[in-house]
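work.txt follows; it contains compact mmCIF, C-alpha atoms.
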# COMPACT_ATOMS: atom_id res chain seq x y z
CA MET A 8 -12.01 22.97 21.60
CA SER A 9 -12.79 20.74 24.51
CA GLU A 10 -10.53 17.77 24.96
CA PRO A 11 -12.94 15.02 23.77
CA ALA A 12 -13.84 17.02 20.66
CA GLU A 13 -10.15 17.63 19.99
CA PHE A 14 -9.52 13.90 20.33
CA LEU A 15 -12.31 12.97 17.90
CA ALA A 16 -11.15 15.53 15.36
CA LEU A 17 -7.58 14.26 15.58
CA ALA A 18 -8.79 10.66 15.26
CA LEU A 19 -10.60 11.52 12.01
CA VAL A 20 -7.56 13.38 10.67
CA LYS A 21 -5.36 10.36 11.40
CA ALA A 22 -7.92 7.84 10.10
CA ALA A 23 -8.66 9.43 6.70
CA PRO A 24 -5.59 8.14 4.79
CA LEU A 25 -6.03 4.74 6.45
CA ILE A 26 -9.65 4.62 5.29
CA PHE A 27 -8.71 5.37 1.67
CA ALA A 28 -5.95 2.75 1.70
CA ALA A 29 -8.07 0.17 3.52
CA LEU A 30 -10.95 0.59 1.03
CA ALA A 31 -8.43 0.11 -1.78
CA GLY A 32 -7.27 -3.06 -0.05
CA VAL A 33 -10.82 -4.34 0.36
CA LEU A 34 -11.71 -3.73 -3.29
CA CYS A 35 -8.56 -5.44 -4.59
CA GLU A 36 -8.75 -8.42 -2.25
CA ARG A 37 -12.47 -8.96 -2.87
CA ALA A 38 -11.53 -9.18 -6.55
CA GLY A 39 -8.84 -11.74 -5.68
CA ILE A 40 -5.73 -9.56 -5.95
CA LEU A 41 -3.63 -9.16 -2.84
CA ASN A 42 -2.48 -5.54 -2.93
CA ILE A 43 0.46 -5.16 -0.58
CA ALA A 44 1.61 -2.21 -2.69
CA LEU A 45 -0.82 0.09 -0.84
CA GLU A 46 2.16 1.74 0.82
CA GLY A 47 3.72 2.51 -2.56
CA GLN A 48 0.40 3.80 -3.91
CA LEU A 49 0.09 6.17 -0.95
CA ALA A 50 3.64 7.42 -1.49
CA ALA A 51 3.17 7.75 -5.27
CA GLY A 52 -0.09 9.66 -4.83
CA ALA A 53 1.49 11.95 -2.25
CA PHE A 54 4.63 12.66 -4.27
CA VAL A 55 3.06 13.07 -7.71
CA ALA A 56 0.41 15.37 -6.22
CA VAL A 57 3.12 17.64 -4.82
CA ALA A 58 5.13 17.55 -8.05
CA ALA A 59 2.05 18.45 -10.12
CA ALA A 60 0.95 21.14 -7.67
CA ALA A 61 4.44 22.66 -7.84
CA ALA A 62 4.48 22.54 -11.63
CA THR A 63 1.02 24.04 -12.16
CA GLY A 64 0.59 26.05 -8.96
CA ASN A 65 -2.84 24.47 -8.68
CA PRO A 66 -3.49 21.97 -5.85
CA LEU A 67 -6.49 20.54 -7.72
CA ALA A 68 -4.22 19.53 -10.60
CA GLY A 69 -2.04 17.94 -7.91
CA LEU A 70 -5.04 16.03 -6.61
CA ALA A 71 -5.92 14.72 -10.05
CA ALA A 72 -2.31 13.75 -10.77
CA GLY A 73 -1.95 11.99 -7.43
CA VAL A 74 -5.11 9.94 -8.02
CA LEU A 75 -3.89 9.04 -11.51
CA ALA A 76 -0.49 7.99 -10.14
CA GLY A 77 -2.17 5.66 -7.64
CA ALA A 78 -4.43 4.28 -10.38
CA ALA A 79 -1.42 3.69 -12.64
CA LEU A 80 0.43 1.75 -9.93
CA GLY A 81 -2.71 -0.25 -9.15
CA GLY A 82 -3.12 -0.90 -12.86
CA VAL A 83 0.45 -2.18 -13.15
CA LEU A 84 -0.17 -4.59 -10.27
CA GLY A 85 -3.45 -5.70 -11.84
CA PHE A 86 -1.87 -6.10 -15.26
CA ALA A 87 1.07 -8.08 -13.88
CA ALA A 88 -1.28 -10.25 -11.84
CA THR A 89 -3.78 -10.97 -14.61
CA ARG A 90 -1.62 -10.98 -17.73
CA PHE A 91 1.49 -12.63 -16.30
CA GLY A 92 0.07 -14.47 -13.28
CA VAL A 93 2.79 -13.08 -11.03
CA ASP A 94 3.24 -13.81 -7.39
CA GLN A 95 1.31 -10.83 -6.07
CA ILE A 96 3.35 -10.50 -2.87
CA VAL A 97 6.61 -10.27 -4.82
CA ALA A 98 5.17 -7.91 -7.41
CA GLY A 99 3.68 -5.75 -4.64
CA THR A 100 7.03 -5.61 -2.86
CA GLY A 101 8.67 -4.59 -6.13
CA LEU A 102 6.07 -1.87 -6.68
CA ASN A 103 6.57 -0.57 -3.14
CA LEU A 104 10.31 -0.25 -3.71
CA LEU A 105 9.68 1.30 -7.10
CA ALA A 106 7.29 3.95 -5.73
CA LEU A 107 9.20 4.79 -2.55
CA GLY A 108 12.55 4.86 -4.37
CA GLY A 109 11.05 6.73 -7.31
CA ALA A 110 9.65 9.41 -5.00
CA ALA A 111 13.01 9.81 -3.22
CA PHE A 112 14.73 10.01 -6.61
CA GLY A 113 12.11 12.44 -7.92
CA LEU A 114 12.72 14.77 -4.98
CA VAL A 115 16.35 15.15 -6.05
CA VAL A 116 15.59 15.39 -9.76
CA ILE A 117 12.59 17.74 -9.62
CA PHE A 118 13.22 19.79 -6.50
CA GLY A 119 17.00 19.40 -6.29
CA GLN A 120 16.92 18.46 -2.62
CA PRO A 121 16.78 15.06 -0.90
CA GLY A 122 14.53 14.33 2.09
CA ALA A 123 11.61 16.69 1.53
CA SER A 124 10.10 18.94 -1.11
CA PRO A 125 9.67 22.68 -0.61
CA SER A 126 6.20 23.91 0.34
CA VAL A 127 3.65 23.99 -2.47
CA ALA A 128 0.08 25.24 -2.79
CA SER A 129 -1.98 22.88 -0.62
CA LEU A 130 -5.68 22.07 -0.54
CA GLY A 131 -5.94 23.92 2.76
CA ALA A 132 -7.96 23.09 5.84
CA SER A 133 -11.27 23.07 3.98
CA GLY A 134 -9.81 20.77 1.32
CA ALA A 135 -8.58 18.41 4.02
CA HIS A 136 -12.02 18.41 5.65
CA LEU A 137 -13.64 17.64 2.30
CA LEU A 138 -11.23 14.74 1.79
CA ILE A 139 -12.08 13.35 5.24
CA ALA A 140 -15.76 13.53 4.28
CA ALA A 141 -14.91 11.90 0.95
CA ALA A 142 -13.17 9.04 2.78
CA LEU A 143 -16.28 8.32 4.84
CA ALA A 144 -18.52 8.71 1.77
CA SER A 145 -16.28 6.32 -0.21
CA ALA A 146 -16.79 3.68 2.46
CA PHE A 147 -20.57 3.76 1.98
CA ALA A 148 -20.20 4.07 -1.79
CA LEU A 149 -17.95 0.99 -1.93
CA HIS A 150 -20.38 -0.88 0.31
CA VAL A 151 -23.23 -0.11 -2.10
CA VAL A 152 -21.12 -0.91 -5.17
CA LEU A 153 -19.88 -4.23 -3.80
CA TYR A 154 -23.19 -5.51 -2.45
CA TYR A 155 -25.90 -3.85 -4.55
CA THR A 156 -24.57 -3.57 -8.11
CA PRO A 157 -23.94 -6.24 -10.76
CA TRP A 158 -20.30 -5.11 -11.06
CA GLY A 159 -19.85 -5.52 -7.30
CA LEU A 160 -21.23 -9.05 -7.49
CA ARG A 161 -18.79 -9.84 -10.30
CA VAL A 162 -15.89 -8.40 -8.27
CA ARG A 163 -16.81 -10.53 -5.26
CA ALA A 164 -17.23 -13.59 -7.48
CA CYS A 165 -13.74 -13.02 -8.90
CA GLY A 166 -12.40 -13.09 -5.36
CA GLU A 167 -14.17 -16.33 -4.52
CA ASN A 168 -14.23 -18.33 -7.72
CA PRO A 169 -12.94 -16.68 -10.91
CA ARG A 170 -13.59 -19.85 -12.90
CA ALA A 171 -17.31 -19.50 -12.20
CA VAL A 172 -17.15 -15.91 -13.48
CA ALA A 173 -15.48 -17.14 -16.66
CA SER A 174 -18.08 -19.83 -17.19
CA ALA A 175 -20.78 -17.15 -16.88
CA GLY A 176 -19.21 -15.63 -20.00
CA LEU A 177 -17.40 -12.77 -18.25
CA ASP A 178 -13.69 -12.06 -18.19
CA PRO A 179 -12.35 -12.31 -14.61
CA LYS A 180 -9.05 -10.80 -15.69
CA SER A 181 -10.51 -7.51 -16.86
CA ILE A 182 -12.75 -7.30 -13.78
CA ARG A 183 -9.70 -7.82 -11.55
CA LEU A 184 -7.71 -5.26 -13.52
CA ALA A 185 -10.50 -2.70 -13.15
CA ALA A 186 -10.73 -3.39 -9.41
CA THR A 187 -7.00 -2.90 -8.81
CA THR A 188 -6.98 0.29 -10.91
CA VAL A 189 -9.89 1.81 -9.00
CA GLY A 190 -8.31 0.59 -5.76
CA GLY A 191 -5.01 2.23 -6.70
CA ALA A 192 -6.85 5.49 -7.37
CA LEU A 193 -8.40 5.35 -3.89
CA ALA A 194 -5.01 4.73 -2.26
CA GLY A 195 -3.55 7.53 -4.39
CA LEU A 196 -6.24 9.84 -3.01
CA GLY A 197 -5.11 8.82 0.49
CA GLY A 198 -1.60 9.88 -0.52
CA VAL A 199 -2.88 13.22 -1.81
CA TYR A 200 -4.55 13.75 1.55
CA LEU A 201 -1.21 13.14 3.31
CA SER A 202 0.83 15.56 1.20
CA LEU A 203 -1.61 18.27 0.07
CA GLY A 204 -4.36 17.90 2.70
CA GLU A 205 -2.63 17.47 6.04
CA LEU A 206 0.53 19.25 4.91
CA ASN A 207 1.79 21.13 1.88
CA LEU A 208 4.87 19.10 0.92
CA TYR A 209 6.19 15.59 0.33
CA SER A 210 8.81 14.15 2.64
CA ASP A 211 10.53 10.79 2.40
CA GLY A 212 8.82 8.11 4.43
CA MET A 213 5.70 10.25 4.78
CA SER A 214 3.45 7.21 4.19
CA ALA A 215 5.06 5.82 7.37
CA GLY A 216 3.76 2.26 7.08
CA ARG A 217 0.12 3.35 6.69
CA GLY A 218 -0.27 0.99 3.73
CA PHE A 219 0.57 -1.93 5.97
CA ILE A 220 -1.63 -0.71 8.81
CA ALA A 221 -4.41 -0.47 6.19
CA LEU A 222 -3.83 -4.14 5.29
CA ALA A 223 -4.27 -4.92 8.98
CA ALA A 224 -7.48 -2.88 8.90
CA VAL A 225 -8.73 -4.93 5.93
CA ILE A 226 -8.24 -8.14 7.91
CA PHE A 227 -9.62 -6.71 11.15
CA GLY A 228 -12.59 -5.39 9.17
CA ARG A 229 -13.11 -8.87 7.68
CA TRP A 230 -12.72 -7.77 4.07
CA THR A 231 -15.82 -5.54 4.11
CA PRO A 232 -15.77 -1.81 3.29
CA LEU A 233 -17.63 -0.75 6.44
CA GLY A 234 -15.67 -3.13 8.68
CA ALA A 235 -12.34 -1.96 7.29
CA THR A 236 -13.42 1.66 7.71
CA GLY A 237 -14.37 0.96 11.32
CA ALA A 238 -10.97 -0.63 11.87
CA ALA A 239 -9.22 2.33 10.19
CA LEU A 240 -11.18 4.71 12.43
CA ALA A 241 -10.15 2.68 15.48
CA PHE A 242 -6.50 2.73 14.39
CA GLY A 243 -6.82 6.49 13.74
CA ALA A 244 -8.18 6.90 17.27
CA LEU A 245 -5.20 4.89 18.55
CA SER A 246 -2.71 7.25 16.96
CA ALA A 247 -4.70 10.24 18.25
CA LEU A 248 -4.54 8.64 21.69
CA GLN A 249 -0.82 8.30 21.22
CA PHE A 250 -0.50 12.09 20.95
CA ILE A 251 -2.58 12.64 24.06
CA LEU A 252 -0.88 9.93 26.13
CA GLN A 253 2.61 11.10 25.21
CA ARG A 254 2.64 13.27 28.28
CA SER A 255 1.58 10.44 30.59
CA GLY A 256 4.57 8.28 29.64
CA VAL A 257 2.87 5.37 27.85
CA PRO A 258 5.43 4.19 25.27
CA SER A 259 4.26 5.18 21.77
CA GLU A 260 5.76 1.98 20.34
CA LEU A 261 3.10 -0.01 22.19
CA MET A 262 0.42 1.99 20.39
CA GLN A 263 2.14 1.48 17.04
CA ALA A 264 2.08 -2.28 17.56
CA LEU A 265 -1.63 -2.40 18.42
CA PRO A 266 -3.06 -2.42 14.84
CA TYR A 267 -1.02 -5.50 14.01
CA LEU A 268 -1.99 -7.17 17.28
CA ALA A 269 -5.63 -6.44 16.40
CA ALA A 270 -5.20 -8.01 12.95
CA LEU A 271 -3.56 -11.09 14.51
CA ALA A 272 -6.39 -11.33 17.00
CA ALA A 273 -8.92 -11.19 14.17
CA LEU A 274 -7.04 -13.89 12.24
CA ALA A 275 -6.81 -16.04 15.37
CA GLY A 276 -10.60 -16.10 15.44
CA ILE A 277 -11.23 -13.77 18.35
CA ALA A 278 -14.74 -12.30 18.15
CA GLY A 279 -15.96 -14.32 15.20
CA ARG A 280 -14.19 -15.93 12.29
CA ALA A 281 -12.18 -13.94 9.76
CA ARG A 282 -12.00 -15.56 6.35
CA ALA A 283 -10.21 -14.12 3.36
CA PRO A 284 -11.89 -14.32 -0.07
CA ARG A 285 -11.22 -17.86 -1.27
CA ALA A 286 -9.26 -16.89 -4.39
CA ASP A 287 -7.46 -13.96 -2.69
CA GLY A 288 -3.94 -13.77 -4.11
CA VAL A 289 -4.39 -16.82 -6.34
CA PRO A 290 -3.48 -16.12 -9.97
CA TYR A 291 -6.25 -17.02 -12.40
CA VAL A 292 -5.01 -19.23 -15.19
CA GLU A 293 -7.37 -20.29 -17.95
CA MET B 11 28.53 -5.34 13.74
CA LEU B 12 27.80 -2.13 15.57
CA HIS B 13 27.68 -3.51 19.14
CA ARG B 14 24.57 -1.53 19.87
CA PHE B 15 20.90 -1.59 18.99
CA ASN B 16 19.18 1.15 17.13
CA VAL B 17 15.50 1.16 16.16
CA ALA B 18 16.33 2.14 12.58
CA LEU B 19 18.99 -0.58 12.36
CA SER B 20 16.94 -2.52 9.84
CA PRO B 21 15.79 -0.09 7.16
CA GLY B 22 13.26 -2.29 5.45
CA TYR B 23 15.57 -5.31 5.25
CA GLY B 24 12.75 -7.62 6.23
CA PHE B 25 10.68 -6.54 3.27
CA ILE B 26 13.45 -6.77 0.74
CA ALA B 27 14.23 -10.18 2.24
CA ILE B 28 10.80 -11.51 1.24
CA ALA B 29 11.58 -10.55 -2.33
CA VAL B 30 15.14 -11.88 -2.09
CA ALA B 31 13.80 -15.22 -0.86
CA LEU B 32 11.50 -15.48 -3.86
CA VAL B 33 14.06 -14.17 -6.32
CA GLY B 34 16.25 -17.01 -4.98
CA GLU B 35 13.37 -19.37 -5.77
CA LEU B 36 13.00 -20.39 -2.12
CA ASP B 37 16.20 -22.42 -2.41
CA PRO B 38 18.55 -21.81 0.55
CA LEU B 39 21.68 -21.78 -1.61
CA ARG B 40 20.27 -19.62 -4.36
CA VAL B 41 18.85 -17.22 -1.77
CA VAL B 42 22.43 -16.54 -0.65
CA PHE B 43 23.33 -15.50 -4.19
CA ALA B 44 20.20 -13.35 -4.52
CA ALA B 45 21.00 -11.65 -1.22
CA PHE B 46 24.59 -11.11 -2.35
CA ALA B 47 23.40 -9.48 -5.58
CA PHE B 48 21.12 -7.12 -3.68
CA GLY B 49 23.93 -6.40 -1.24
CA ILE B 50 26.18 -5.38 -4.13
CA LEU B 51 23.47 -3.02 -5.40
CA GLN B 52 22.97 -1.47 -1.95
CA SER B 53 26.62 -0.90 -1.18
CA GLY B 54 27.34 0.31 -4.70
CA SER B 55 24.58 2.92 -4.39
CA LEU B 56 26.55 4.92 -1.81
CA THR B 57 29.72 4.92 -3.91
CA MET B 58 27.71 5.89 -6.97
CA GLN B 59 26.19 8.82 -5.12
CA ALA B 60 29.55 9.98 -3.80
CA LEU B 61 31.49 9.65 -7.06
CA ALA B 62 28.92 10.27 -9.79
CA HIS B 63 26.35 12.37 -7.87
CA VAL B 64 23.56 10.01 -8.91
CA PRO B 65 21.01 9.83 -6.07
CA LYS B 66 21.33 6.48 -4.28
CA ASP B 67 17.55 6.03 -4.48
CA VAL B 68 17.94 4.98 -8.11
CA VAL B 69 19.08 1.64 -6.72
CA THR B 70 15.79 1.19 -4.88
CA VAL B 71 13.97 1.84 -8.16
CA ILE B 72 16.19 -0.71 -9.93
CA GLU B 73 15.59 -3.28 -7.19
CA GLY B 74 11.88 -2.70 -7.55
CA LEU B 75 12.05 -3.23 -11.30
CA ILE B 76 14.14 -6.41 -10.92
CA ILE B 77 11.72 -7.83 -8.38
CA LEU B 78 8.71 -6.88 -10.51
CA ALA B 79 10.25 -8.46 -13.60
CA LEU B 80 11.28 -11.65 -11.80
CA SER B 81 7.88 -12.01 -10.12
CA ALA B 82 6.45 -13.00 -13.49
CA ARG B 83 8.51 -16.18 -13.80
CA ARG B 84 5.95 -18.92 -14.11
CA PHE B 85 8.23 -21.57 -12.67
CA ALA B 86 8.73 -19.72 -9.40
CA PRO B 87 6.99 -21.72 -6.67
CA SER B 88 4.70 -18.90 -5.69
CA ALA B 89 2.94 -18.89 -2.36
CA GLY B 90 -0.32 -18.26 -4.17
CA ARG B 91 0.00 -21.28 -6.38
CA LEU B 92 1.04 -23.47 -3.45
CA ARG B 93 -2.14 -22.46 -1.72
CA ALA B 94 -4.14 -23.10 -4.88
CA ASN B 95 -2.67 -26.59 -5.15
CA GLU B 96 -3.58 -27.36 -1.58
CA ARG B 97 -7.15 -26.47 -2.34
CA THR B 98 -7.52 -28.40 -5.50
CA GLY B 99 -5.75 -31.32 -3.80
As structure tokens, the full file:
Amino acid sequence: MSEPAEFLALALVKAAPLIFAALAGVLCERAGILNIALEGQLAAGAFVAVAAAAATGNPLAGLAAGVLAGAALGGVLGFAATRFGVDQIVAGTGLNLLALGGAAFGLVVIFGQPGASPSVASLGASGAHLLIAAALASAFALHVVLYYTPWGLRVRACGENPRAVASAGLDPKSIRLAATTVGGALAGLGGVYLSLGELNLYSDGMSAGRGFIALAAVIFGRWTPLGATGAALAFGALSALQFILQRSGVPSELMQALPYLAALAALAGIAGRARAPRADGVPYVE
Amino acid sequence: MLHRFNVALSPGYGFIAIAVALVGELDPLRVVFAAFAFGILQSGSLTMQALAHVPKDVVTVIEGLIILALSARRFAPSAGRLRANERTG
């Protein structure tokens, strides 16, 4: 492959898990739930997918299990946030520890070895390509769902003014719970891509802060599916650039800091105003 | 403590610290106790692994569960509610 084509391909490969996680972040935050457990949902999806693929020998069963694991974690966050009105940052931090620690523990219990799992049946190169296509398709699908369907309108209303949703006779809590569950499933799919798409194993710390970079992408993309996807693609291109510039001596740490600098710049009002949904992270109490 | 800097010197301490601060109810004195409790868990995990062959990651899971359970306390001055109060005046 020529160098520019190689760069673009690598950028897409690096962006795909970020896109899944960023879309999950957009959906949850537009519904008014701050999901900082994206990192844990990626790790849970990645680990459970490998465990299920190892148990059944079928990577598709792994994919389904990974998506379910992400959805379950998202559901727990949604349930805690709607039923108990928890502080979503604290609950998210707890869920992150739970998922990352649980995966590390599971490696020892299931595979009998710390650090990384043995190789399992993966989705292969074609599976990874399909998942990359699915990431881009999900971006457009979420855009259509959020802006052109009644459910999307309700989700956005829950993120701005849940009381108005309640006075329209709908239940903002169940809408928020559904949004975090679907969001968790998306992030879980991103995890499946990491473990069974790009590779064929789970290793500790494999999510590598992507959940937090995805949160930066949500902000930089101004809480819209297409904006966040654009930001995730840009951050994917940055990490592809990192590989290419390694030889030229540009410190890779500078590149790793750039997504967060971009999010700060967006928050500081550079190139238009960034405003979070008004009820983002605010528990709804009747 | 080590007289040198190492990039992996802080293995997620900053993140646990957010939770510790809120478990300590944002009260400087109580935060010290919360941090001490988490410190006990962390240092005990290594001994547990060495003596009982229980993977030390169990402690991370337990910390996660504690934080998740405590996050539901309604009296905790949550950042979200503070923001909500500002808005409603």
- request: Would you kindly report the residues of chain B within 6 Å of chain A, using all atoms listed in the file, as number ranges by chain?
  value: B: 29, 67, 70-71, 74, 77-78, 81-82, 88, 90
Kindly list the centre and edge lengths in Å, rounded to one decimal, for the axis-aligned box that covers all listed atoms of segment 94-107 of chain A plus 6 Å on each of its six sides, as AutoDock Vina command-line options.
--center_x 5.8 --center_y -4.5 --center_z -5.0 --size_x 21.0 --size_y 30.6 --size_z 16.9
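Counting all atoms listed in the file and comparing B:Leu80, B:Val64, B:Ile72, B:Leu56, the residue that lies closest to Val30 of chain B is B:Leu80.
Minimum atom-to-atom distance to Val33 of chain A, evaluated using all atoms listed in the file, belongs to A:Ala235 out of A:Ala164, A:Ala16, A:Ala235, A:Leu177.
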query: Quick one: of A:Phe147, A:Phe54, A:Trp230, A:Phe219, who's nearest to Asn207 of chain A, counting all atoms listed in the file?
result: A:Phe54
For Ala241 of chain A, list every protein, DNA or RNA residue within 10 Å, evaluated using all atoms listed in the file, and leave out those in the same chain fewer than 2 positions away; present the list as a CSV table (one decimal) with C-alpha atoms, in the coordinates of the input.
chain,number,residue,atom,x,y,z
A,18,ALA,CA,-8.8,10.7,15.3
A,19,LEU,CA,-10.6,11.5,12.0
A,21,LYS,CA,-5.4,10.4,11.4
A,22,ALA,CA,-7.9,7.8,10.1
A,224,ALA,CA,-7.5,-2.9,8.9
A,235,ALA,CA,-12.3,-2.0,7.3
A,236,THR,CA,-13.4,1.7,7.7
A,237,GLY,CA,-14.4,1.0,11.3
A,238,ALA,CA,-11.0,-0.6,11.9
A,239,ALA,CA,-9.2,2.3,10.2
A,243,GLY,CA,-6.8,6.5,13.7
A,244,ALA,CA,-8.2,6.9,17.3
A,245,LEU,CA,-5.2,4.9,18.6
A,246,SER,CA,-2.7,7.2,17.0
A,247,ALA,CA,-4.7,10.2,18.2
A,266,PRO,CA,-3.1,-2.4,14.8
For Val42 of chain B, please output as an mmCIF file with C-alpha atoms, keeping the file's coordinate frame all residues within 12 Å (counting all atoms listed in the file; exclusion window: fewer than 6 positions along the same chain).
data_model
loop_
_atom_site.group_PDB
_atom_site.id
_atom_site.type_symbol
_atom_site.label_atom_id
_atom_site.label_comp_id
_atom_site.auth_asym_id
_atom_site.auth_seq_id
_atom_site.Cartn_x
_atom_site.Cartn_y
_atom_site.Cartn_z
ATOM 1 C CA ALA B 27 14.230 -10.180 2.240
ATOM 2 C CA VAL B 30 15.140 -11.880 -2.090
ATOM 3 C CA ALA B 31 13.800 -15.220 -0.860
ATOM 4 C CA LEU B 32 11.500 -15.480 -3.860
ATOM 5 C CA VAL B 33 14.060 -14.170 -6.320
ATOM 6 C CA GLY B 34 16.250 -17.010 -4.980
ATOM 7 C CA GLU B 35 13.370 -19.370 -5.770
ATOM 8 C CA LEU B 36 13.000 -20.390 -2.120
ATOM 9 C CA PHE B 48 21.120 -7.120 -3.680
ATOM 10 C CA GLY B 49 23.930 -6.400 -1.240
#
- prompt: Between atom CA of Val152 of chain A and atom CA of Ala38 of chain A, what is the distance, to one decimal in Å?
  reply: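 Straight-line distance from atom CA of Val152 of chain A to atom CA of Ala38 of chain A works out to 12.7 Å.
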task: Record the distance separating atom CA of Leu67 of chain A and atom CA of Leu15 of chain A, expressed in Å with one decimal.
output: 27.3 Å
task: Could you tell me which of A:Met213, A:Ile117, A:Ala185, A:Val55 comes closest to Gly69 of chain A if we count all atoms listed in the file?
output: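 Using all atoms listed in the file, the shortest distance to Gly69 of chain A belongs to A:Val55.
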message: Just the number, please: distance in Å from atom CA of Ala53 of chain A to atom CA of Ser202 of chain A, one decimal.
response: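 One can read the atom CA of Ala53 of chain A to atom CA of Ser202 of chain A distance as 5.0 Å.
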field: Test item: residues at most 8 Å from Gly52 of chain A, only C-alpha atoms, excluding those fewer than 3 positions along its chain, as number ranges by chain
entry: A: 48-49, 55-56, 72-77, 194-199
